[in-house]
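Colleague: Sending over entry_21.txt (compact mmCIF, C-alpha atoms and all ligand atoms).
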# COMPACT_ATOMS: atom_id res chain seq x y z
CA MET A 1426 -116.50 -254.52 50.49
CA LEU A 1427 -115.83 -253.16 46.98
CA ALA A 1428 -117.74 -249.93 46.37
CA LEU A 1429 -117.69 -248.82 42.74
CA THR A 1430 -118.90 -245.45 41.50
CA LYS A 1431 -121.59 -245.59 38.85
CA GLU A 1432 -119.13 -244.48 36.17
CA VAL A 1433 -116.62 -247.24 36.97
CA LYS A 1434 -119.28 -249.91 37.47
CA GLN A 1435 -120.76 -249.16 34.06
CA ALA A 1436 -117.39 -249.17 32.33
CA LEU A 1437 -116.43 -252.52 33.85
CA GLU A 1438 -119.81 -254.08 33.07
CA MET A 1439 -119.58 -252.91 29.48
CA ASN A 1440 -116.03 -254.25 29.25
CA GLN A 1441 -114.56 -250.82 28.56
CA PRO A 1442 -110.99 -249.79 29.41
CA VAL A 1443 -110.43 -248.56 32.98
CA VAL A 1444 -107.30 -247.03 34.53
CA ALA A 1445 -106.63 -247.17 38.28
CA LEU A 1446 -105.15 -244.12 40.07
CA GLU A 1447 -103.73 -244.06 43.60
CA THR A 1448 -104.53 -241.86 46.59
CA THR A 1449 -101.19 -241.87 48.45
CA ILE A 1450 -99.92 -239.44 45.87
CA ILE A 1451 -102.87 -237.16 46.80
CA SER A 1452 -102.71 -237.51 50.59
CA HIS A 1453 -98.99 -237.95 51.19
CA GLY A 1454 -97.21 -237.11 47.93
CA MET A 1455 -98.30 -233.55 47.15
CA PRO A 1456 -99.45 -230.46 49.08
CA TYR A 1457 -103.00 -229.03 49.00
CA PRO A 1458 -104.45 -227.66 46.72
CA GLU A 1459 -102.14 -228.95 43.96
CA ASN A 1460 -102.92 -232.52 45.03
CA LEU A 1461 -106.67 -232.09 44.52
CA GLU A 1462 -106.27 -230.20 41.23
CA THR A 1463 -103.95 -232.93 39.95
CA ALA A 1464 -106.28 -235.74 41.06
CA ILE A 1465 -109.12 -234.12 39.11
CA GLU A 1466 -106.99 -233.43 36.04
CA LEU A 1467 -105.64 -236.99 35.95
CA GLU A 1468 -109.16 -238.35 35.74
CA GLU A 1469 -109.93 -235.95 32.90
CA ILE A 1470 -106.81 -236.99 30.97
CA VAL A 1471 -107.75 -240.66 31.28
CA ARG A 1472 -111.22 -239.87 29.89
CA GLN A 1473 -109.81 -237.79 27.04
CA ASN A 1474 -107.72 -240.78 26.04
CA GLY A 1475 -110.63 -243.18 25.83
CA ALA A 1476 -110.67 -244.88 29.24
CA THR A 1477 -112.52 -244.51 32.54
CA PRO A 1478 -110.53 -243.40 35.60
CA ALA A 1479 -110.89 -245.18 38.95
CA THR A 1480 -109.18 -243.36 41.80
CA ILE A 1481 -108.84 -245.88 44.61
CA GLY A 1482 -108.88 -245.40 48.39
CA LEU A 1483 -110.24 -246.95 51.59
CA MET A 1484 -112.92 -245.38 53.80
CA ASP A 1485 -115.89 -246.42 55.96
CA GLY A 1486 -114.72 -250.03 55.81
CA GLN A 1487 -115.05 -250.02 52.03
CA ILE A 1488 -112.61 -250.32 49.14
CA LYS A 1489 -113.63 -247.37 46.99
CA ILE A 1490 -113.08 -247.94 43.29
CA GLY A 1491 -113.65 -244.43 41.96
CA LEU A 1492 -114.09 -241.43 44.25
CA THR A 1493 -116.62 -238.61 44.19
CA LEU A 1494 -115.32 -235.02 44.25
CA GLU A 1495 -116.14 -234.73 47.97
CA GLU A 1496 -114.22 -237.92 48.68
CA LYS A 1497 -111.21 -236.71 46.68
CA GLU A 1498 -111.37 -233.47 48.69
CA LEU A 1499 -111.24 -235.45 51.91
CA PHE A 1500 -108.17 -237.39 50.76
CA ALA A 1501 -106.54 -234.11 49.70
CA LYS A 1502 -107.24 -232.14 52.89
CA SER A 1503 -107.53 -234.47 55.87
CA SER A 1504 -104.50 -234.95 58.07
CA GLU A 1505 -105.90 -238.24 59.34
CA VAL A 1506 -105.38 -240.30 56.25
CA GLU A 1507 -103.37 -243.50 56.77
CA LYS A 1508 -100.91 -244.70 54.17
CA VAL A 1509 -102.06 -248.14 53.06
CA SER A 1510 -99.76 -250.76 51.63
CA ARG A 1511 -100.49 -254.54 51.73
CA ARG A 1512 -99.63 -254.75 55.45
CA ASP A 1513 -102.07 -251.96 56.41
CA PHE A 1514 -104.97 -252.97 54.18
CA SER A 1515 -106.95 -255.16 56.60
CA TYR A 1516 -106.36 -252.91 59.64
CA VAL A 1517 -107.61 -249.75 57.92
CA LEU A 1518 -110.67 -251.51 56.48
CA ALA A 1519 -111.54 -253.25 59.76
CA THR A 1520 -111.33 -250.01 61.77
CA GLY A 1521 -113.16 -247.91 59.17
CA LYS A 1522 -110.32 -245.40 58.95
CA ILE A 1523 -109.48 -243.38 55.85
CA GLY A 1524 -106.64 -244.96 53.93
CA ALA A 1525 -104.75 -243.67 50.92
CA THR A 1526 -103.48 -246.58 48.88
CA THR A 1527 -99.85 -246.81 47.77
CA VAL A 1528 -98.83 -248.53 44.56
CA ALA A 1529 -99.08 -251.90 46.36
CA GLY A 1530 -102.43 -251.05 47.97
CA THR A 1531 -103.87 -249.73 44.71
CA MET A 1532 -102.72 -252.82 42.79
CA ILE A 1533 -104.49 -255.10 45.30
CA ALA A 1534 -107.76 -253.18 44.96
CA ALA A 1535 -107.46 -252.86 41.17
CA GLN A 1536 -107.04 -256.60 40.78
CA MET A 1537 -110.10 -257.23 42.98
CA ALA A 1538 -112.13 -254.92 40.72
CA GLY A 1539 -110.79 -256.39 37.47
CA ILE A 1540 -108.67 -253.37 36.46
CA ARG A 1541 -105.39 -254.23 34.73
CA VAL A 1542 -103.71 -250.87 34.13
CA PHE A 1543 -102.67 -248.31 36.74
CA ALA A 1544 -100.98 -244.92 36.40
CA THR A 1545 -98.86 -243.35 39.10
CA GLY A 1546 -95.79 -241.11 39.52
CA GLY A 1547 -93.03 -243.31 40.83
CA ILE A 1548 -93.01 -246.73 42.45
CA GLY A 1549 -91.32 -247.59 45.72
CA GLY A 1550 -88.17 -249.69 45.72
CA VAL A 1551 -85.07 -250.70 47.60
CA HIS A 1552 -83.90 -247.73 49.68
CA ARG A 1553 -80.28 -246.61 49.66
CA GLY A 1554 -78.65 -248.63 52.42
CA GLY A 1555 -81.41 -251.23 52.03
CA GLU A 1556 -78.80 -253.96 52.18
CA THR A 1557 -78.47 -253.22 55.91
CA THR A 1558 -81.84 -251.63 56.85
CA TRP A 1559 -83.96 -254.10 54.79
CA ASP A 1560 -86.11 -251.12 53.78
CA VAL A 1561 -87.61 -252.50 50.60
CA SER A 1562 -90.98 -251.15 49.45
CA ALA A 1563 -93.90 -253.59 49.47
CA ASP A 1564 -94.61 -252.24 45.96
CA LEU A 1565 -91.94 -254.61 44.64
CA PHE A 1566 -93.51 -257.68 46.26
CA GLU A 1567 -96.87 -256.63 44.84
CA LEU A 1568 -95.48 -256.23 41.32
CA ALA A 1569 -94.23 -259.80 41.59
CA HIS A 1570 -97.61 -261.23 42.58
CA THR A 1571 -100.50 -259.07 41.39
CA ASN A 1572 -101.58 -258.88 37.76
CA VAL A 1573 -101.62 -255.13 37.21
CA ALA A 1574 -99.39 -253.10 34.88
CA VAL A 1575 -98.00 -249.96 36.53
CA VAL A 1576 -97.19 -246.99 34.31
CA CYS A 1577 -94.66 -244.80 36.13
CA ALA A 1578 -91.71 -242.46 35.56
CA GLY A 1579 -89.33 -244.98 37.12
CA VAL A 1580 -88.12 -244.57 40.69
CA LYS A 1581 -86.69 -241.57 42.50
CA SER A 1582 -83.03 -241.64 43.16
CA ILE A 1583 -83.74 -241.41 46.89
CA LEU A 1584 -83.77 -245.15 46.19
CA ASP A 1585 -81.06 -247.56 45.15
CA ILE A 1586 -82.11 -247.92 41.52
CA GLY A 1587 -79.68 -250.76 40.72
CA ARG A 1588 -80.88 -252.93 43.61
CA THR A 1589 -84.51 -252.11 42.83
CA LEU A 1590 -84.03 -253.44 39.30
CA GLU A 1591 -82.19 -256.53 40.62
CA TYR A 1592 -85.15 -257.33 42.90
CA LEU A 1593 -87.59 -256.97 40.02
CA GLU A 1594 -85.48 -259.27 37.85
CA THR A 1595 -85.26 -261.94 40.57
CA HIS A 1596 -89.03 -261.84 41.04
CA GLY A 1597 -89.81 -262.00 37.35
CA VAL A 1598 -91.22 -258.53 36.82
CA PRO A 1599 -90.63 -257.20 33.29
CA VAL A 1600 -89.37 -253.60 33.25
CA VAL A 1601 -90.46 -252.08 29.95
CA GLY A 1602 -89.09 -248.80 28.63
CA PHE A 1603 -91.91 -246.98 26.86
CA LYS A 1604 -90.06 -245.38 23.92
CA CYS A 1605 -86.84 -245.33 25.99
CA ASP A 1606 -83.70 -247.41 26.53
CA GLN A 1607 -82.80 -246.23 30.03
CA PHE A 1608 -84.85 -246.70 33.15
CA PRO A 1609 -85.92 -243.14 34.10
CA SER A 1610 -85.31 -241.72 37.58
CA PHE A 1611 -88.55 -239.78 38.06
CA TYR A 1612 -87.35 -236.16 37.74
CA SER A 1613 -84.82 -237.16 35.08
CA ARG A 1614 -85.22 -239.14 31.89
CA GLU A 1615 -82.13 -241.18 32.64
CA SER A 1616 -80.61 -243.15 35.50
CA GLY A 1617 -77.63 -244.88 33.94
CA HIS A 1618 -79.48 -248.22 34.15
CA PRO A 1619 -80.93 -249.88 31.03
CA VAL A 1620 -84.54 -251.14 30.90
CA ASP A 1621 -85.12 -254.83 30.18
CA PHE A 1622 -87.16 -254.29 27.03
CA ARG A 1623 -87.96 -251.25 24.94
CA LEU A 1624 -91.43 -251.05 23.36
CA ASN A 1625 -92.58 -248.19 21.19
CA SER A 1626 -96.37 -248.17 21.20
CA PRO A 1627 -99.34 -248.88 23.49
CA ALA A 1628 -100.25 -251.82 21.22
CA GLU A 1629 -96.83 -253.40 21.75
CA VAL A 1630 -97.14 -253.03 25.52
CA ALA A 1631 -100.67 -254.50 25.40
CA ARG A 1632 -99.34 -257.51 23.46
CA LEU A 1633 -96.66 -258.16 26.09
CA LEU A 1634 -99.17 -257.91 28.96
CA ASP A 1635 -101.73 -260.06 27.20
CA THR A 1636 -99.11 -262.71 26.46
CA LYS A 1637 -97.81 -262.72 30.02
CA TRP A 1638 -101.23 -263.10 31.58
CA ARG A 1639 -102.57 -265.61 29.06
CA LEU A 1640 -99.57 -267.78 29.88
CA GLY A 1641 -100.59 -267.61 33.53
CA LEU A 1642 -97.35 -265.87 34.52
CA GLN A 1643 -98.38 -264.20 37.74
CA GLY A 1644 -97.46 -260.62 38.53
CA GLY A 1645 -97.48 -257.19 36.99
CA ALA A 1646 -95.10 -255.19 34.86
CA VAL A 1647 -93.37 -251.86 35.21
CA ILE A 1648 -94.03 -249.62 32.22
CA ALA A 1649 -91.43 -246.89 32.55
CA ASN A 1650 -92.47 -243.66 30.85
CA PRO A 1651 -89.87 -240.88 31.20
CA VAL A 1652 -90.88 -237.34 32.19
CA PRO A 1653 -91.33 -235.07 29.13
CA LYS A 1654 -88.02 -233.37 28.21
CA GLU A 1655 -89.25 -229.81 28.81
CA GLU A 1656 -90.10 -230.68 32.42
CA GLU A 1657 -87.01 -232.69 33.28
CA ILE A 1658 -84.67 -231.82 36.17
CA PRO A 1659 -81.15 -233.05 35.32
CA CYS A 1660 -79.69 -235.90 37.45
CA GLU A 1661 -76.79 -233.80 38.82
CA GLU A 1662 -79.09 -231.02 39.95
CA ILE A 1663 -81.41 -233.30 41.91
CA GLU A 1664 -78.70 -235.59 43.31
CA GLU A 1665 -77.35 -232.92 45.65
CA MET A 1666 -80.77 -232.31 47.16
CA ILE A 1667 -81.46 -236.00 47.51
CA VAL A 1668 -78.26 -236.52 49.48
CA GLN A 1669 -79.31 -233.63 51.71
CA ALA A 1670 -82.86 -235.00 52.17
CA LEU A 1671 -81.50 -238.44 53.09
CA LYS A 1672 -79.20 -236.88 55.65
CA ILE A 1673 -82.01 -234.92 57.33
CA ALA A 1674 -84.25 -238.04 57.45
CA ASP A 1675 -81.40 -239.98 59.01
CA GLN A 1676 -80.62 -237.27 61.58
CA GLN A 1677 -84.27 -237.08 62.63
CA GLY A 1678 -84.46 -240.86 62.98
CA VAL A 1679 -87.33 -241.24 60.49
CA SER A 1680 -88.16 -244.91 59.94
CA GLY A 1681 -90.72 -247.37 58.59
CA LYS A 1682 -93.53 -246.14 56.37
CA GLU A 1683 -92.67 -242.49 57.13
CA VAL A 1684 -89.35 -242.65 55.25
CA THR A 1685 -90.67 -242.20 51.71
CA PRO A 1686 -93.19 -239.37 52.41
CA PHE A 1687 -90.65 -237.54 54.60
CA GLN A 1688 -87.95 -237.60 51.94
CA LEU A 1689 -90.40 -236.54 49.22
CA LYS A 1690 -91.48 -233.52 51.30
CA GLN A 1691 -87.88 -232.49 51.92
CA ILE A 1692 -87.14 -232.51 48.20
CA VAL A 1693 -90.20 -230.38 47.36
CA GLN A 1694 -89.10 -227.84 49.98
CA MET A 1695 -85.50 -227.76 48.77
CA THR A 1696 -86.37 -227.33 45.10
CA ASP A 1697 -88.74 -224.51 45.96
CA GLY A 1698 -91.67 -226.13 44.21
CA LYS A 1699 -89.83 -226.86 40.97
CA SER A 1700 -89.92 -230.57 41.73
CA LEU A 1701 -93.66 -230.37 42.34
CA ALA A 1702 -94.24 -228.99 38.83
CA THR A 1703 -92.15 -231.82 37.39
CA ASN A 1704 -94.03 -234.35 39.53
CA ILE A 1705 -97.40 -233.11 38.27
CA ALA A 1706 -96.25 -233.11 34.63
CA LEU A 1707 -94.95 -236.66 34.74
CA VAL A 1708 -98.03 -238.13 36.44
CA LYS A 1709 -100.24 -236.51 33.79
CA HIS A 1710 -98.06 -238.01 31.09
CA ASN A 1711 -98.37 -241.42 32.76
CA ALA A 1712 -102.16 -241.14 32.95
CA LYS A 1713 -102.29 -240.51 29.21
CA VAL A 1714 -100.06 -243.46 28.31
CA ALA A 1715 -101.88 -245.75 30.77
CA ALA A 1716 -105.22 -244.91 29.15
CA GLN A 1717 -103.79 -245.68 25.71
CA ILE A 1718 -102.47 -249.03 26.97
CA ALA A 1719 -105.82 -249.88 28.59
CA VAL A 1720 -107.56 -249.14 25.27
CA ALA A 1721 -105.03 -251.29 23.38
CA LEU A 1722 -105.54 -254.18 25.83
CA LYS A 1723 -109.29 -254.10 25.26
CA ASN A 1724 -108.71 -254.10 21.51
CA MET A 1725 -106.61 -257.25 21.94
CA ASP A 1726 -109.43 -258.93 23.90
CA LYS A 1727 -111.81 -258.12 21.06
CA LYS A 1728 -109.48 -259.60 18.44
CA GLN A 1729 -109.24 -262.83 20.39
CA GLU A 1730 -113.00 -263.14 20.72
CA LYS A 1731 -113.35 -263.19 16.94
N1 LIG B 1 -92.46 -242.39 45.17
C1 LIG B 1 -92.75 -241.20 44.67
N2 LIG B 1 -93.92 -240.61 44.97
C2 LIG B 1 -94.83 -241.23 45.77
C3 LIG B 1 -94.51 -242.52 46.29
C4 LIG B 1 -93.33 -243.05 45.97
O1 LIG B 1 -91.93 -240.64 43.95
O2 LIG B 1 -95.89 -240.67 46.05
C5 LIG B 1 -95.52 -243.23 47.15
C6 LIG B 1 -96.30 -244.27 46.31
O3 LIG B 1 -97.61 -244.35 46.79
C7 LIG B 1 -95.55 -245.54 46.61
C8 LIG B 1 -95.18 -245.33 48.07
O4 LIG B 1 -96.32 -246.71 46.43
O5 LIG B 1 -94.83 -243.97 48.17
C9 LIG B 1 -94.03 -246.21 48.51
O6 LIG B 1 -93.88 -246.11 49.89
P1 LIG B 1 -92.95 -247.14 50.65
O7 LIG B 1 -91.57 -246.84 50.19
O8 LIG B 1 -93.16 -246.84 52.10
O9 LIG B 1 -93.43 -248.51 50.26
MN MN B 2 -90.20 -248.64 53.37
Would you encode the structure as C-alpha cells?
Modeller:
Amino acid sequence: MLALTKEVKQALEMNQPVVALETTIISHGMPYPENLETAIELEEIVRQNGATPATIGLMDGQIKIGLTLEEKELFAKSSEVEKVSRRDFSYVLATGKIGATTVAGTMIAAQMAGIRVFATGGIGGVHRGGETTWDVSADLFELAHTNVAVVCAGVKSILDIGRTLEYLETHGVPVVGFKCDQFPSFYSRESGHPVDFRLNSPAEVARLLDTKWRLGLQGGAVIANPVPKEEEIPCEEIEEMIVQALKIADQQGVSGKEVTPFQLKQIVQMTDGKSLATNIALVKHNAKVAAQIAVALKNMDKKQEK
C-alpha cells in the first residue's frame, strides 16, 4: 500500500536523510495558488538543506510517500479532498478517495516508510473549551505513540495552549524549544508558556531524539521553532481576531473535524492575507530546520556504526 516516488525510494535505500511534509496544509490550510507554490517551495528548501522531501497523501487506495507535481496540483485544487487523521485513514484508503493527511495522518505514514523527521506549520491540540467539548486533536495522541519528530511553530492560540502542553506532558512527549525558551504560538514567537527543554542546534536535537528512540521510549517529540521575527504578528493583534473567529464558528455550529479548518479560514479572511504570509514564512523556516535535524540524525547513525 506504500507508494514511494523514485526520489524518496532512492534516498531511503541509500540511508539518506528524508523529511516528511503534510498535505492537509495544502488542501485545507491555505488557498490556491499559494498552497501549491508553498508545497513546491518547501520541497526545494528541504533539498537545499541536504535532505529529500516526501510530501505525503492518500489516493487510489495508496499511501503516497512523495507526490509528483500533478498529484500536488490535485491536492491543491480539488474540493473533494478528505482530511485524514488516524480515525479516517482506513476509510479513505479502502474507498480509494483522495485524502490529505494531518499531522497525525502524516506521522503514521512517515513511520511506515521509515521517516523520522516531519515539518509542518502548527500542530493540533486541545481546543479552547476542550474541558467540556472534549475536542482534543488526534495529533496529540499520535505524538505520544508514533516515533516521528514534528518541527512546528507551536500551536495557534485558537487552541488552549496550557492544556495542550499539559496533555503532552502527561503522555510523555518532550516539547523542545529550538533556540527559544517560550513555546511559540504560531503567528507569534511567544505564548507565555515555557518549553520543557531548550536546545540550540540541530545536532543537539538529533542527540535527544536518538537517545529517546534507542531507549525504546515510544512516541515523537515537538520541536518548536518560532516564526522569524520580521514575519511575526504580535499576540495582542491576533488575539482579537481569534476571539472573533471562535465566536463565528460557534454561532454557525461548526463541529468535529471541520472546527480547525473553519477557524483557520476565518483568521486568514480577517487579517486580509497578512496571516497567510506569516503562515508561509514559518512553514518554510520549519522545513529548513527539519532538514538540518534529519541530516544531523543520519550523522549520529554513522557515528554509532563506527
Ligand atoms: N493548525 C494550523 N494549521 C493547520 C492545521 C492545524 O495552524 O493546517 C492542520 C494540521 O494538519 C493539523 C490539523 O494536524 O489541522 C489538526 O486538525 P484537528 O484539530 O481536527 O485534529
Ligand atoms: Mn478536533
Colleague: Here is a test: counting all atoms listed in the file, which residue of A:Lys1654, A:Lys1604, A:Lys1682, A:Arg1588 is nearest to ligand MN 2 (chain B)?
Modeller: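 The shortest atom-to-atom distance to ligand MN 2 (chain B) comes from A:Lys1682.
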Colleague: Counting all atoms listed in the file, name the residues that have an atom within 7 Å of an atom of ligand LIG 1 (chain B); the answer should be given as a compact mmCIF listing (two decimals) with C-alpha atoms, in the coordinates of the input.
Modeller:
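As a result, result26.txt now contains:
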# COMPACT_ATOMS: atom_id res chain seq x y z
CA GLU A 1447 -103.73 -244.06 43.60
CA THR A 1449 -101.19 -241.87 48.45
CA ILE A 1450 -99.92 -239.44 45.87
CA HIS A 1453 -98.99 -237.95 51.19
CA GLY A 1454 -97.21 -237.11 47.93
CA SER A 1510 -99.76 -250.76 51.63
CA THR A 1526 -103.48 -246.58 48.88
CA THR A 1527 -99.85 -246.81 47.77
CA VAL A 1528 -98.83 -248.53 44.56
CA ALA A 1529 -99.08 -251.90 46.36
CA GLY A 1546 -95.79 -241.11 39.52
CA GLY A 1547 -93.03 -243.31 40.83
CA ILE A 1548 -93.01 -246.73 42.45
CA GLY A 1549 -91.32 -247.59 45.72
CA GLY A 1550 -88.17 -249.69 45.72
CA VAL A 1561 -87.61 -252.50 50.60
CA SER A 1562 -90.98 -251.15 49.45
CA ALA A 1563 -93.90 -253.59 49.47
CA ASP A 1564 -94.61 -252.24 45.96
CA VAL A 1580 -88.12 -244.57 40.69
CA LYS A 1581 -86.69 -241.57 42.50
CA PHE A 1611 -88.55 -239.78 38.06
CA GLY A 1681 -90.72 -247.37 58.59
CA LYS A 1682 -93.53 -246.14 56.37
CA GLU A 1683 -92.67 -242.49 57.13
CA VAL A 1684 -89.35 -242.65 55.25
CA THR A 1685 -90.67 -242.20 51.71
CA PRO A 1686 -93.19 -239.37 52.41
CA LEU A 1689 -90.40 -236.54 49.22
Colleague: Using CA of Ala1646 in chain A and CA of Ile1490 in chain A as the two end points, give the distance in Å to one decimal.
Modeller: 21.1 Å
Colleague: Can you work out which one of A:Leu1565, A:Ala1476, A:Ala1445, A:Val1542 has the shortest atom-to-atom distance to ligand MN 2 (chain B), counting only C-alpha atoms and all ligand atoms?
Modeller: A:Leu1565
Colleague: Mind listing as a JSON list (two decimals) with C-alpha atoms, in the coordinates of the input all residues within 12 Å of (-111.9, -232.4, 48.6), counting only C-alpha atoms?
Modeller:
[["chain", "number", "residue", "atom", "x", "y", "z"],
["A", 1451, "ILE", "CA", -102.87, -237.16, 46.80],
["A", 1452, "SER", "CA", -102.71, -237.51, 50.59],
["A", 1457, "TYR", "CA", -103.00, -229.03, 49.00],
["A", 1458, "PRO", "CA", -104.45, -227.66, 46.72],
["A", 1459, "GLU", "CA", -102.14, -228.95, 43.96],
["A", 1460, "ASN", "CA", -102.92, -232.52, 45.03],
["A", 1461, "LEU", "CA", -106.67, -232.09, 44.52],
["A", 1462, "GLU", "CA", -106.27, -230.20, 41.23],
["A", 1463, "THR", "CA", -103.95, -232.93, 39.95],
["A", 1464, "ALA", "CA", -106.28, -235.74, 41.06],
["A", 1465, "ILE", "CA", -109.12, -234.12, 39.11],
["A", 1492, "LEU", "CA", -114.09, -241.43, 44.25],
["A", 1493, "THR", "CA", -116.62, -238.61, 44.19],
["A", 1494, "LEU", "CA", -115.32, -235.02, 44.25],
["A", 1495, "GLU", "CA", -116.14, -234.73, 47.97],
["A", 1496, "GLU", "CA", -114.22, -237.92, 48.68],
["A", 1497, "LYS", "CA", -111.21, -236.71, 46.68],
["A", 1498, "GLU", "CA", -111.37, -233.47, 48.69],
["A", 1499, "LEU", "CA", -111.24, -235.45, 51.91],
["A", 1500, "PHE", "CA", -108.17, -237.39, 50.76],
["A", 1501, "ALA", "CA", -106.54, -234.11, 49.70],
["A", 1502, "LYS", "CA", -107.24, -232.14, 52.89],
["A", 1503, "SER", "CA", -107.53, -234.47, 55.87]]
Colleague: May I have the residues within 9 Å of Val1708 in chain A as an MDAnalysis selection string, using only C-alpha atoms and disregarding those fewer than 4 positions away in the same chain?
Modeller: chainID A and resid 1463 1467 1544:1547 1577:1578 1652 1703:1704 1712:1713
Colleague: Can you spit out the residues from that selection as a PDB file, keeping the file's coordinate frame, using C-alpha atoms?
Modeller:
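Okay, part.pdb is ready:
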ATOM      1  CA  THR A1463    -103.950-232.930  39.950  1.00  0.00           C
ATOM      2  CA  LEU A1467    -105.640-236.990  35.950  1.00  0.00           C
ATOM      3  CA  ALA A1544    -100.980-244.920  36.400  1.00  0.00           C
ATOM      4  CA  THR A1545     -98.860-243.350  39.100  1.00  0.00           C
ATOM      5  CA  GLY A1546     -95.790-241.110  39.520  1.00  0.00           C
ATOM      6  CA  GLY A1547     -93.030-243.310  40.830  1.00  0.00           C
ATOM      7  CA  CYS A1577     -94.660-244.800  36.130  1.00  0.00           C
ATOM      8  CA  ALA A1578     -91.710-242.460  35.560  1.00  0.00           C
ATOM      9  CA  VAL A1652     -90.880-237.340  32.190  1.00  0.00           C
ATOM     10  CA  THR A1703     -92.150-231.820  37.390  1.00  0.00           C
ATOM     11  CA  ASN A1704     -94.030-234.350  39.530  1.00  0.00           C
ATOM     12  CA  ALA A1712    -102.160-241.140  32.950  1.00  0.00           C
ATOM     13  CA  LYS A1713    -102.290-240.510  29.210  1.00  0.00           C
TER      14      LYS A1713
END
Colleague: Between CA of Phe1514 in chain A and CA of Glu1556 in chain A, what is the distance, to one decimal in Å?
Modeller: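 Answer for the CA of Phe1514 in chain A to CA of Glu1556 in chain A separation: 26.3 Å.
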Colleague: What does the distance from CA of Asn1711 in chain A to CA of Phe1566 in chain A come to in Å, to one decimal?
Modeller: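 Separating CA of Asn1711 in chain A from CA of Phe1566 in chain A is a distance of 21.7 Å.
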Colleague: When distances are computed from all atoms listed in the file, which of A:Ile1586, A:Cys1605, A:Phe1622, A:Val1679 shows the smallest separation from ligand MN 2 (chain B)?
Modeller: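 Going through A:Ile1586, A:Cys1605, A:Phe1622, A:Val1679 one by one, the smallest distance to ligand MN 2 (chain B) is for A:Val1679.
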Colleague: Can you pull out the residues contacting Ala1670 in chain A? Cut-off 12 Å, using all atoms listed in the file, and skip same-chain residues under 6 positions away; I want them as a PyMOL selection string.
Modeller: chain A and resi 1582-1584+1663-1664+1676-1677+1679+1684-1696
Colleague: Env of Ala1569 in chain A: 6 Å cut, atoms = all atoms listed in the file, seq-sep filter 3 positions within chain, self excluded. Answer as a list in words.
Modeller: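 So the residues in contact are Phe1566, His1596, Val1598 and Gly1644 of chain A.
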Colleague: Taking C-alpha atoms for each residue, export the selection above as an mmCIF file, in the coordinates of the input.
Modeller:
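This is the output file again_13.cif:
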data_model
loop_
_atom_site.group_PDB
_atom_site.id
_atom_site.type_symbol
_atom_site.label_atom_id
_atom_site.label_comp_id
_atom_site.auth_asym_id
_atom_site.auth_seq_id
_atom_site.Cartn_x
_atom_site.Cartn_y
_atom_site.Cartn_z
ATOM 1 C CA PHE A 1566 -93.510 -257.680 46.260
ATOM 2 C CA HIS A 1596 -89.030 -261.840 41.040
ATOM 3 C CA VAL A 1598 -91.220 -258.530 36.820
ATOM 4 C CA GLY A 1644 -97.460 -260.620 38.530
#
Colleague: For ligand MN 2 (chain B), which residue out of A:Gly1554, A:Gly1587, A:Gly1698, A:Gly1524 is the nearest one, using all atoms listed in the file?
Modeller: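 Comparing A:Gly1554, A:Gly1587, A:Gly1698, A:Gly1524 against ligand MN 2 (chain B), the winner is A:Gly1554.
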Colleague: Which residues are near range 1724-1728 of chain A? Cut-off 9 Å, only C-alpha atoms, ignore same chain within fewer than 6 positions. Put them as a list in words.
Modeller: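 Those residues are Ala1628, Ala1631, Arg1632 and Asp1635 of chain A.
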Colleague: Of the residues A:His1618, A:Lys1508, A:Lys1672, A:Lys1699, which is the one nearest to ligand MN 2 (chain B), using all atoms listed in the file?
Modeller: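 Selected residue with least distance to ligand MN 2 (chain B): A:Lys1508.
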Colleague: Could you list, as a list of chain:residue names, every residue within 6 Å of Met1484 in chain A, counting only C-alpha atoms and ignoring same-chain residues fewer than 3 positions away?
Modeller: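 Using only C-alpha atoms, the neighbours found are A:Gln1487, A:Gly1521, A:Lys1522, A:Ile1523.
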Colleague: So, counting all atoms listed in the file, which residue among A:Leu1722, A:Val1551, A:Ala1716, A:Leu1707 is closest to Trp1638 in chain A?
Modeller: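 When distances to Trp1638 in chain A are compared using all atoms listed in the file, the smallest one comes from A:Leu1722.
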Colleague: I need every residue sitting at most 12 Å from the point (-111.5, -250.8, 38.3) (coordinates as in the file, all atoms listed in the file considered), written as a short mmCIF file (atom, residue, chain, number, x, y, z; two decimals) with C-alpha atoms, in the coordinates of the input.
Modeller:
data_model
loop_
_atom_site.label_atom_id
_atom_site.label_comp_id
_atom_site.auth_asym_id
_atom_site.auth_seq_id
_atom_site.Cartn_x
_atom_site.Cartn_y
_atom_site.Cartn_z
CA LEU A 1427 -115.83 -253.16 46.98
CA ALA A 1428 -117.74 -249.93 46.37
CA LEU A 1429 -117.69 -248.82 42.74
CA THR A 1430 -118.90 -245.45 41.50
CA LYS A 1431 -121.59 -245.59 38.85
CA GLU A 1432 -119.13 -244.48 36.17
CA VAL A 1433 -116.62 -247.24 36.97
CA LYS A 1434 -119.28 -249.91 37.47
CA GLN A 1435 -120.76 -249.16 34.06
CA ALA A 1436 -117.39 -249.17 32.33
CA LEU A 1437 -116.43 -252.52 33.85
CA GLU A 1438 -119.81 -254.08 33.07
CA ASN A 1440 -116.03 -254.25 29.25
CA GLN A 1441 -114.56 -250.82 28.56
CA PRO A 1442 -110.99 -249.79 29.41
CA VAL A 1443 -110.43 -248.56 32.98
CA VAL A 1444 -107.30 -247.03 34.53
CA ALA A 1445 -106.63 -247.17 38.28
CA LEU A 1446 -105.15 -244.12 40.07
CA GLU A 1447 -103.73 -244.06 43.60
CA ALA A 1476 -110.67 -244.88 29.24
CA THR A 1477 -112.52 -244.51 32.54
CA PRO A 1478 -110.53 -243.40 35.60
CA ALA A 1479 -110.89 -245.18 38.95
CA THR A 1480 -109.18 -243.36 41.80
CA ILE A 1481 -108.84 -245.88 44.61
CA GLY A 1482 -108.88 -245.40 48.39
CA ILE A 1488 -112.61 -250.32 49.14
CA LYS A 1489 -113.63 -247.37 46.99
CA ILE A 1490 -113.08 -247.94 43.29
CA GLY A 1491 -113.65 -244.43 41.96
CA LEU A 1492 -114.09 -241.43 44.25
CA THR A 1531 -103.87 -249.73 44.71
CA MET A 1532 -102.72 -252.82 42.79
CA ILE A 1533 -104.49 -255.10 45.30
CA ALA A 1534 -107.76 -253.18 44.96
CA ALA A 1535 -107.46 -252.86 41.17
CA GLN A 1536 -107.04 -256.60 40.78
CA MET A 1537 -110.10 -257.23 42.98
CA ALA A 1538 -112.13 -254.92 40.72
CA GLY A 1539 -110.79 -256.39 37.47
CA ILE A 1540 -108.67 -253.37 36.46
CA ARG A 1541 -105.39 -254.23 34.73
CA VAL A 1542 -103.71 -250.87 34.13
CA PHE A 1543 -102.67 -248.31 36.74
CA VAL A 1573 -101.62 -255.13 37.21
CA ALA A 1719 -105.82 -249.88 28.59
#
